[in-house]
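File shown here: entry_36.csv, holding CSV, C-alpha atoms and all ligand atoms.
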```
chain,number,residue,atom,x,y,z
A,1,MET,CA,-111.7,-259.4,47.5
A,2,GLU,CA,-114.1,-261.8,49.3
A,3,THR,CA,-115.1,-264.6,46.9
A,4,LYS,CA,-117.0,-267.0,49.1
A,5,LYS,CA,-120.4,-266.7,50.6
A,6,ALA,CA,-120.6,-265.7,54.2
A,7,PHE,CA,-121.4,-268.4,56.8
A,8,THR,CA,-125.0,-267.3,57.3
A,9,THR,CA,-126.1,-269.4,60.3
A,10,ASP,CA,-127.9,-266.9,62.6
A,11,ARG,CA,-126.6,-268.5,65.8
A,12,LEU,CA,-122.9,-268.2,64.6
A,13,GLU,CA,-123.4,-264.6,63.6
A,14,LYS,CA,-124.8,-263.9,67.0
A,15,TYR,CA,-121.7,-265.6,68.6
A,16,GLN,CA,-119.4,-263.6,66.4
A,17,THR,CA,-121.1,-260.3,67.1
A,18,TYR,CA,-120.9,-260.9,70.8
A,19,ILE,CA,-117.3,-262.1,70.7
A,20,GLU,CA,-116.3,-259.0,68.7
A,21,SER,CA,-118.1,-256.7,71.2
A,22,LEU,CA,-115.9,-258.2,73.9
A,23,TYR,CA,-112.6,-258.4,72.2
A,24,GLY,CA,-112.7,-256.3,69.0
A,25,ALA,CA,-111.5,-253.1,70.6
A,26,LYS,CA,-108.6,-254.9,72.4
A,27,SER,CA,-107.2,-256.5,69.2
A,28,SER,CA,-103.7,-255.4,68.2
A,29,MET,CA,-104.9,-255.0,64.6
A,30,SER,CA,-108.0,-255.3,62.5
A,31,LYS,CA,-108.6,-256.9,59.2
A,32,GLU,CA,-110.7,-253.9,58.0
A,33,ASP,CA,-107.9,-251.5,58.8
A,34,PHE,CA,-105.2,-253.8,57.4
A,35,VAL,CA,-107.0,-254.3,54.1
A,36,SER,CA,-107.9,-250.5,53.8
A,37,LYS,CA,-104.1,-249.8,54.0
A,38,THR,CA,-103.3,-252.4,51.3
A,39,SER,CA,-103.2,-250.8,47.9
A,40,TRP,CA,-103.6,-254.1,45.9
A,41,LYS,CA,-107.2,-255.3,46.3
A,42,ASP,CA,-107.3,-258.4,44.2
A,43,PHE,CA,-105.9,-260.8,46.8
A,44,VAL,CA,-107.0,-264.2,48.1
A,45,PRO,CA,-109.2,-263.8,51.2
A,46,VAL,CA,-107.4,-263.5,54.6
A,47,VAL,CA,-108.4,-264.9,58.0
A,48,ASP,CA,-111.1,-263.1,60.1
A,49,ASP,CA,-110.2,-261.1,63.2
A,50,ASP,CA,-111.2,-263.8,65.5
A,51,ALA,CA,-108.9,-266.3,63.8
A,52,ALA,CA,-106.1,-263.8,63.9
A,53,ARG,CA,-106.6,-263.3,67.6
A,54,PHE,CA,-106.7,-267.1,68.1
A,55,LEU,CA,-103.3,-267.5,66.4
A,56,GLN,CA,-101.9,-264.8,68.6
A,57,PHE,CA,-103.3,-266.5,71.7
A,58,VAL,CA,-101.7,-269.8,70.8
A,59,LEU,CA,-98.4,-268.1,70.1
A,60,GLN,CA,-98.6,-266.4,73.5
A,61,MET,CA,-99.3,-269.7,75.2
A,62,LYS,CA,-96.7,-271.8,73.5
A,63,LYS,CA,-94.1,-269.2,72.5
A,64,PRO,CA,-92.9,-271.2,69.4
A,65,LYS,CA,-89.5,-269.9,68.2
A,66,LYS,CA,-89.8,-271.3,64.6
A,67,ILE,CA,-93.1,-270.7,62.9
A,68,LEU,CA,-94.1,-271.7,59.4
A,69,GLU,CA,-97.0,-270.3,57.5
A,70,ILE,CA,-98.2,-271.9,54.3
A,71,GLY,CA,-100.1,-269.4,52.2
A,72,MET,CA,-99.5,-265.7,53.0
A,73,SER,CA,-101.5,-263.6,50.6
A,74,ILE,CA,-101.1,-260.0,51.7
A,75,GLY,CA,-99.8,-261.1,55.1
A,76,PHE,CA,-102.6,-260.3,57.5
A,77,SER,CA,-102.3,-263.5,59.5
A,78,THR,CA,-98.5,-263.3,59.2
A,79,THR,CA,-98.5,-259.8,60.7
A,80,SER,CA,-100.9,-260.8,63.5
A,81,MET,CA,-98.6,-263.7,64.4
A,82,ALA,CA,-95.4,-261.5,64.0
A,83,LEU,CA,-96.7,-258.9,66.4
A,84,THR,CA,-96.9,-261.6,69.1
A,85,ALA,CA,-93.8,-263.5,68.0
A,86,GLN,CA,-91.6,-260.4,68.1
A,87,GLU,CA,-92.4,-260.0,71.8
A,88,TYR,CA,-90.6,-263.3,72.7
A,89,GLY,CA,-88.1,-263.7,69.9
A,90,GLY,CA,-90.1,-266.0,67.5
A,91,LYS,CA,-89.4,-266.0,63.8
A,92,ILE,CA,-91.8,-266.7,61.0
A,93,THR,CA,-91.1,-268.3,57.6
A,94,THR,CA,-94.0,-267.9,55.2
A,95,ILE,CA,-94.6,-269.4,51.8
A,96,GLU,CA,-96.4,-267.7,48.9
A,97,PHE,CA,-96.2,-268.3,45.1
A,98,ASP,CA,-98.0,-265.2,44.0
A,99,ARG,CA,-95.4,-262.5,43.1
A,100,THR,CA,-97.8,-259.5,43.6
A,101,ALA,CA,-99.0,-260.9,47.0
A,102,CYS,CA,-95.3,-261.2,48.1
A,103,LYS,CA,-94.6,-257.6,47.0
A,104,GLN,CA,-97.7,-256.3,48.8
A,105,ALA,CA,-97.1,-258.3,51.9
A,106,ARG,CA,-93.5,-257.1,52.1
A,107,SER,CA,-94.6,-253.5,52.2
A,108,ASN,CA,-97.4,-254.4,54.7
A,109,PHE,CA,-94.7,-255.9,57.0
A,110,VAL,CA,-92.5,-252.8,56.8
A,111,ARG,CA,-95.5,-250.6,57.6
A,112,SER,CA,-96.4,-252.7,60.6
A,113,GLY,CA,-92.8,-252.9,61.9
A,114,VAL,CA,-92.6,-256.7,61.7
A,115,ASP,CA,-90.4,-257.2,58.6
A,116,ASP,CA,-87.4,-258.3,60.7
A,117,VAL,CA,-89.4,-261.2,62.2
A,118,ILE,CA,-90.6,-262.6,58.8
A,119,GLN,CA,-88.8,-264.4,56.1
A,120,ILE,CA,-90.9,-264.7,52.8
A,121,MET,CA,-90.2,-267.8,50.8
A,122,PHE,CA,-91.4,-267.1,47.2
A,123,GLY,CA,-92.3,-270.5,45.7
A,124,ASP,CA,-94.8,-273.4,45.4
A,125,ALA,CA,-95.5,-275.0,48.8
A,126,ARG,CA,-95.6,-278.4,47.1
A,127,GLN,CA,-91.9,-278.0,46.3
A,128,VAL,CA,-90.8,-275.9,49.3
A,129,VAL,CA,-92.4,-277.9,52.2
A,130,PRO,CA,-90.9,-281.3,51.4
A,131,ASP,CA,-87.4,-279.7,51.4
A,132,PHE,CA,-87.5,-278.8,55.1
A,133,SER,CA,-85.7,-281.1,57.5
A,134,SER,CA,-87.6,-283.1,60.0
A,135,GLY,CA,-88.5,-281.2,63.2
A,136,SER,CA,-87.7,-277.8,61.7
A,137,PHE,CA,-90.7,-276.0,63.2
A,138,ASP,CA,-92.5,-275.5,66.6
A,139,PHE,CA,-95.7,-274.2,65.0
A,140,ILE,CA,-97.2,-274.5,61.5
A,141,PHE,CA,-100.2,-272.6,60.1
A,142,GLN,CA,-101.6,-274.1,57.0
A,143,ASP,CA,-103.7,-271.6,54.9
A,144,ALA,CA,-102.8,-272.2,51.3
A,145,ASP,CA,-105.1,-273.7,48.5
A,146,LYS,CA,-107.3,-276.2,50.3
A,147,ARG,CA,-106.6,-278.9,47.6
A,148,LEU,CA,-103.0,-279.0,49.0
A,149,TYR,CA,-103.9,-279.8,52.5
A,150,PRO,CA,-104.2,-283.7,52.3
A,151,GLY,CA,-101.0,-284.1,50.2
A,152,LEU,CA,-98.9,-281.8,52.4
A,153,LEU,CA,-100.1,-283.3,55.7
A,154,LYS,CA,-97.4,-286.0,56.1
A,155,ASP,CA,-94.7,-283.5,55.5
A,156,CYS,CA,-96.2,-281.0,57.9
A,157,ILE,CA,-96.2,-283.6,60.6
A,158,ARG,CA,-92.6,-284.6,59.7
A,159,ILE,CA,-91.2,-281.1,59.9
A,160,LEU,CA,-93.0,-280.3,63.1
A,161,LYS,CA,-91.2,-280.9,66.4
A,162,PRO,CA,-92.8,-283.3,69.0
A,163,GLY,CA,-95.1,-281.0,71.1
A,164,GLY,CA,-95.4,-278.6,68.2
A,165,VAL,CA,-98.7,-277.1,67.2
A,166,PHE,CA,-100.3,-277.5,63.8
A,167,ILE,CA,-103.3,-275.3,62.8
A,168,ALA,CA,-105.2,-275.4,59.5
A,169,ASP,CA,-107.8,-272.8,58.5
A,170,ASP,CA,-111.1,-273.2,56.6
A,171,THR,CA,-111.7,-276.7,58.0
A,172,LEU,CA,-115.5,-276.1,58.4
A,173,PHE,CA,-115.9,-275.8,54.6
A,174,PRO,CA,-117.7,-279.2,54.5
A,175,VAL,CA,-120.6,-277.8,56.5
A,176,MET,CA,-120.7,-274.2,55.1
A,177,ASP,CA,-123.1,-272.9,52.5
A,178,LEU,CA,-120.5,-272.5,49.7
A,179,ASP,CA,-121.0,-272.1,45.9
A,180,ASP,CA,-120.6,-275.3,43.8
A,181,ARG,CA,-117.4,-274.0,42.4
A,182,TRP,CA,-115.8,-274.7,45.8
A,183,ASN,CA,-116.7,-278.4,45.6
A,184,ASP,CA,-113.1,-279.7,45.0
A,185,GLN,CA,-111.8,-277.6,47.9
A,186,ILE,CA,-114.6,-278.8,50.2
A,187,GLU,CA,-113.8,-282.5,49.3
A,188,SER,CA,-110.1,-281.9,50.0
A,189,ILE,CA,-110.9,-280.4,53.4
A,190,ARG,CA,-113.2,-283.4,54.1
A,191,ILE,CA,-110.4,-285.8,53.4
A,192,PHE,CA,-107.9,-283.7,55.3
A,193,ASN,CA,-110.1,-283.4,58.4
A,194,ARG,CA,-110.5,-287.2,58.5
A,195,LEU,CA,-106.8,-287.7,58.1
A,196,VAL,CA,-106.0,-285.3,61.0
A,197,ALA,CA,-108.8,-286.6,63.3
A,198,ASP,CA,-107.6,-290.2,62.7
A,199,SER,CA,-103.8,-289.6,62.9
A,200,SER,CA,-102.0,-291.6,65.5
A,201,GLU,CA,-99.3,-288.9,65.5
A,202,LEU,CA,-101.6,-286.0,66.4
A,203,ASP,CA,-104.0,-285.0,69.2
A,204,SER,CA,-106.5,-282.6,67.6
A,205,THR,CA,-109.8,-280.8,67.7
A,206,LEU,CA,-111.7,-278.6,65.3
A,207,LEU,CA,-112.8,-275.2,66.6
A,208,PRO,CA,-115.6,-273.0,65.1
A,209,ILE,CA,-113.3,-270.0,64.8
A,210,GLY,CA,-113.5,-268.0,61.6
A,211,ASP,CA,-114.2,-270.6,58.9
A,212,GLY,CA,-113.1,-273.4,61.2
A,213,MET,CA,-109.6,-274.1,62.6
A,214,ILE,CA,-108.3,-277.6,63.1
A,215,VAL,CA,-105.8,-277.5,66.0
A,216,ALA,CA,-103.4,-280.3,66.5
A,217,ILE,CA,-100.4,-281.1,68.7
A,218,LYS,CA,-97.7,-283.6,67.5
A,219,LYS,CA,-97.3,-286.3,70.0
A,301,LIG,C1,-106.2,-267.9,52.1
A,301,LIG,S1,-104.8,-267.1,51.4
A,301,LIG,C2,-103.7,-266.8,52.7
A,301,LIG,C3,-104.2,-265.8,53.7
A,301,LIG,C4,-103.3,-265.4,54.8
A,301,LIG,N1,-102.9,-266.6,55.5
A,301,LIG,C5,-103.9,-264.5,55.8
A,301,LIG,O1,-104.9,-264.9,56.5
A,301,LIG,O2,-103.5,-263.3,55.8
A,301,LIG,C6,-104.0,-268.4,50.5
A,301,LIG,C7,-102.7,-268.0,49.8
A,301,LIG,O3,-102.0,-269.2,49.5
A,301,LIG,C8,-101.4,-269.0,48.2
A,301,LIG,N2,-101.1,-270.3,47.7
A,301,LIG,C9,-102.0,-271.2,47.2
A,301,LIG,N3,-101.4,-272.3,46.7
A,301,LIG,C10,-100.1,-272.1,46.9
A,301,LIG,C11,-99.0,-272.9,46.7
A,301,LIG,N4,-99.1,-274.1,46.1
A,301,LIG,N5,-97.8,-272.5,47.0
A,301,LIG,C12,-97.6,-271.2,47.6
A,301,LIG,N6,-98.7,-270.4,47.9
A,301,LIG,C13,-99.9,-270.9,47.5
A,301,LIG,C14,-102.3,-268.1,47.4
A,301,LIG,O4,-101.7,-267.4,46.4
A,301,LIG,C15,-102.9,-267.2,48.5
A,301,LIG,O5,-102.3,-266.0,48.5
```

For the structure just supplied, provide its representation as structure tokens.
Amino acid sequence: METKKAFTTDRLEKYQTYIESLYGAKSSMSKEDFVSKTSWKDFVPVVDDDAARFLQFVLQMKKPKKILEIGMSIGFSTTSMALTAQEYGGKITTIEFDRTACKQARSNFVRSGVDDVIQIMFGDARQVVPDFSSGSFDFIFQDADKRLYPGLLKDCIRILKPGGVFIADDTLFPVMDLDDRWNDQIESIRIFNRLVADSSELDSTLLPIGDGMIVAIKK
């Protein structure tokens, strides 16, 4: 179920159409197909195809063995990453606190043949993330409730190994044409982006992929 307005800038739509015409057919999976095979439809939106491809691309480049995802929903991004991670022996831990989403994601993982690569941690990321030891992960994808991003950033940096990659989705919210009911999420992203950009522990940039992906490397 898509709840937010589309990013309507003509220029970006043109970019996306062109990019899809080049790479859409080559993708190992598509959001439309994944969602059509998912029986539960009342899920929180998942990343777009270009964002899923970008996650796979970074995994292919860095080959991180220990991957953490925060916010799984029905597991589209998790499955995309798992298809790449299983080629080189990477494992994914993914956190989700919605029981129905967990159940649906689990069956999606089995259908996609990636369940052996993924460990679902059912629970609230605000409790789960601080419990990980320092340097536990080579790669972290943050995609939970945007209001969590600023508060979890310190722990994300702590549990990432030096040289590890941190990616957060939806980081162009502050410049998108969103409904007023998204205001608190937009404000959280504004604070989060500033913290990441100014962090002395990270080298980062923000890419206009999907709804914006901040990409950082821990120094
Ligand atoms: C944007 S969706 C994730 C989409 C998924 N990464 C994908 O692209 O396929 C965000 C998910 O985070 C979950 N979530 C939000 N706050 C959470 C929290 N505090 N702890 C665990 N999960 C949370 C929501 O239930 C929702 O399913």

Within 7 Å of ligand LIG 301 (chain A), counting only C-alpha atoms and all ligand atoms: which residues, as a list in words? Phe43, Val44, Pro45, Val46, Val47, Ile70, Gly71, Met72, Ser73, Ile74, Gly75, Phe76, Ser77, Thr78, Ile95, Glu96, Phe97, Asp98, Ala101, Gly123, Asp124, Ala125, Arg126, Asp143, Ala144, Asp145 and Leu148 of chain A

If we count all atoms listed in the file and set the cut-off at 10 Å, which residues sit around A:Gln60, ignoring sequence neighbours fewer than 5 positions away in its own chain? Please answer as an mmCIF file with C-alpha atoms, in the coordinates of the input.
```cif
data_model
loop_
_atom_site.group_PDB
_atom_site.id
_atom_site.type_symbol
_atom_site.label_atom_id
_atom_site.label_comp_id
_atom_site.auth_asym_id
_atom_site.auth_seq_id
_atom_site.Cartn_x
_atom_site.Cartn_y
_atom_site.Cartn_z
ATOM 1 C CA PHE A 54 -106.700 -267.100 68.100
ATOM 2 C CA LEU A 55 -103.300 -267.500 66.400
ATOM 3 C CA MET A 81 -98.600 -263.700 64.400
ATOM 4 C CA THR A 84 -96.900 -261.600 69.100
ATOM 5 C CA ALA A 85 -93.800 -263.500 68.000
ATOM 6 C CA GLU A 87 -92.400 -260.000 71.800
ATOM 7 C CA TYR A 88 -90.600 -263.300 72.700
#
```

Stretch 186-196 of chain A: which residues within 12 Å, counting all atoms listed in the file, same-chain residues fewer than 4 positions away excluded, as number ranges by chain? A: 142-154, 156-157, 166-182, 200-207, 211-218

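Going from atom CA of A:Arg99 to atom CA of A:Gln56 covers 26.4 Å.
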
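Taking atom CA of A:Lys41 as the reference point, atom CA of A:Ile118 is found at 22.0 Å.
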
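In terms of minimum interatomic distance to A:Lys161, A:Ser134 ranks closest within A:Gln86, A:Gln185, A:Ser134, A:Thr38, counting all atoms listed in the file.
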
Write out as a PyMOL selection string each polymer residue whose atoms come within 12 Å of A:Lys91, counting all atoms listed in the file; drop sequence neighbours fewer than 5 positions from it. chain A and resi 59+63-69+78-79+81-86+114-120+137-140

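Picture a line from atom CA of A:Val165 to atom CA of A:Ser112; it runs 25.4 Å.
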
7 Å contact set for A:Ser136, all atoms listed in the file, chain neighbours under 3 positions out, as a list in words: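 Near A:Ser136, the qualifying residues are Phe132, Ser133, Ile159, Leu160 and Lys161 of chain A.
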
What are the centre and the three edge lengths of an axis-aligned box that wraps all atoms of stretch 111-122 of chain A in the file, given that 4 Å is added to every side, written as AutoDock Vina command-line options and rounded to one decimal in Å?
```
--center_x -91.9 --center_y -259.2 --center_z 54.7 --size_x 17.0 --size_y 25.2 --size_z 23.0
```

Pick the closest to A:Arg53 from A:Glu20, A:Glu13, A:Asp198, A:Asp184: which is it, counting all atoms listed in the file?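 Result for the nearest residue to A:Arg53: A:Glu20.
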
Go through A:Trp40, A:Tyr18, A:Tyr23, A:Phe141 and flag the residue nearest A:Asn108, using all atoms listed in the file for the distances.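 Closest to A:Asn108 of all the choices is A:Trp40.
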